[in-house]
Amino acid sequence: MLMLAGIVVLHITTIILLLVATIDNAWWITSTVSTDLWGRWELTNSVWHYTNLKNYPEDYLQTVQATSVLACIFAILALFVFVAQLFTLPKGQRFTFTGILQLIACLCVMIAASIYTAEFHTTDTDGGYGHSYILAWIAFVLTFLLAITYLVLRKKSE
């Protein structure tokens, strides 16, 4: 029972990390600019102003946005499927469907972060990756670990 509670807590933590990484505006930061997947915040006269992402390749940007959102959706869906399988799965069976959904979420977040790394800010000398970018990679590791856990985990007979 304690192991299942730990898995659920880890899964919820992963979902929160994915949501923060997708929503928060700190994928690339400098002293006057903070960029996320949806826009750019520029500091002028001590006031932050929102602008669109003008210089980003649109195809890559839309791919990163879509895969980030899909990672959140698949991770949330995997949690609901896991809870449903706790009550409906026969004893001794594996949580394969939950593991597959979590593996898809893992793949989506990896694609988003990899494309962002390869295509954006490659020539920028000022600034660095922000906490949202780092959270996306941490969420990738956690979703991968959860996917492996679900694929190995069997429903015990009590």
# chains A, B, ... in the order shown; residues from 1 in each chain; ligands from 1

call {"tool": "residues_around", "arguments": {"residues": "region 56-62 of chain A", "least_positions_apart": "2", "cutoff": "8 Å", "atoms": "only C-alpha atoms", "output": "ChimeraX atom specification"}}
result
/A:37,53-54,64-66,115-116,119-120

call {"tool": "residues_around", "arguments": {"residues": "region 73-78 of chain A", "least_positions_apart": "5", "cutoff": "9 Å", "atoms": "only C-alpha atoms", "output": "number ranges by chain"}}
result
A: 11-12, 14-15, 18, 68, 83, 97-106, 108, 143

call {"tool": "write_last_selection", "arguments": {"atoms": "C-alpha atoms", "output": "CSV table (one decimal), in the first residue's frame"}}
result
chain,number,residue,atom,x,y,z
A,11,HIS,CA,3.1,10.7,-10.6
A,12,ILE,CA,1.3,13.8,-9.3
A,14,THR,CA,5.6,14.7,-12.3
A,15,ILE,CA,2.4,16.1,-13.6
A,18,LEU,CA,5.2,19.1,-16.6
A,68,SER,CA,4.7,19.8,-24.2
A,83,VAL,CA,-6.3,4.5,-10.6
A,97,PHE,CA,-1.5,0.4,-20.6
A,98,THR,CA,-0.6,2.9,-17.9
A,99,GLY,CA,3.1,2.3,-18.6
A,100,ILE,CA,2.6,2.9,-22.4
A,101,LEU,CA,0.7,6.1,-21.7
A,102,GLN,CA,3.5,7.3,-19.4
A,103,LEU,CA,6.1,6.3,-22.0
A,104,ILE,CA,4.3,8.4,-24.6
A,105,ALA,CA,4.4,11.3,-22.2
A,106,CYS,CA,8.1,10.7,-21.6
A,108,CYS,CA,6.7,13.9,-25.8
A,143,THR,CA,8.2,10.1,-16.5

call {"tool": "closest_residue", "arguments": {"among": "A:Tyr133, A:Tyr150, A:Phe140, A:Phe82", "to": "Ser34 (chain A)", "atoms": "only C-alpha atoms"}}
result
A:Tyr133

call {"tool": "residues_around", "arguments": {"residues": "Tyr50 (chain A)", "least_positions_apart": "3", "cutoff": "8 Å", "atoms": "only C-alpha atoms", "output": "MDAnalysis selection string"}}
result
chainID A and resid 39:42

call {"tool": "closest_residue", "arguments": {"among": "A:Met110, A:Ala21, A:Ala5, A:Leu10", "to": "Leu145 (chain A)", "atoms": "only C-alpha atoms"}}
result
A:Leu10

call {"tool": "residues_around", "arguments": {"residues": "region 126-128 of chain A", "least_positions_apart": "6", "cutoff": "6 Å", "atoms": "only C-alpha atoms", "output": "list in words"}}
result
Trp28, Ile29 and Thr30 of chain A

call {"tool": "select_by_dssp", "arguments": {"residues": "chain A", "states": "strand (DSSP E)", "output": "ChimeraX atom specification"}}
result
/A:28-29,33-35,40-44,47-51,128-129

call {"tool": "residues_around", "arguments": {"residues": "Leu17 (chain A)", "least_positions_apart": "6", "cutoff": "8 Å", "atoms": "only C-alpha atoms", "output": "list in words"}}
result
Leu135, Ala136, Ile138 and Ala139 of chain A

call {"tool": "write_last_selection", "arguments": {"atoms": "N, CA, C and O atoms", "output": "compact mmCIF listing (two decimals), in the first residue's frame"}}
result
# COMPACT_ATOMS: atom_id res chain seq x y z
N LEU A 135 13.08 22.01 -15.43
CA LEU A 135 11.97 21.19 -14.94
C LEU A 135 11.47 20.22 -16.01
O LEU A 135 11.06 19.09 -15.70
N ALA A 136 11.50 20.65 -17.27
CA ALA A 136 11.09 19.76 -18.35
C ALA A 136 12.00 18.54 -18.42
O ALA A 136 11.53 17.40 -18.59
N ILE A 138 13.83 17.33 -15.93
CA ILE A 138 13.60 16.53 -14.72
C ILE A 138 12.32 15.71 -14.88
O ILE A 138 12.27 14.53 -14.54
N ALA A 139 11.28 16.34 -15.45
CA ALA A 139 10.02 15.63 -15.70
C ALA A 139 10.24 14.49 -16.69
O ALA A 139 9.61 13.43 -16.57

call {"tool": "atom_distance", "arguments": {"atom1": "CA of Gln93 (chain A)", "atom2": "CA of Leu79 (chain A)"}}
result
17.2 Å

call {"tool": "select_by_dssp", "arguments": {"residues": "region 13-158 of chain A", "states": "alpha helix (DSSP H)", "output": "number ranges by chain"}}
result
A: 13-23, 58-88, 96-119, 131-152

call {"tool": "closest_residue", "arguments": {"among": "A:Leu153, A:Leu146, A:Leu43, A:Val109", "to": "Gly92 (chain A)", "atoms": "only C-alpha atoms"}}
result
A:Leu153

call {"tool": "closest_residue", "arguments": {"among": "A:Leu89, A:Thr123, A:Asp36, A:Thr96", "to": "Val20 (chain A)", "atoms": "only C-alpha atoms"}}
result
A:Asp36
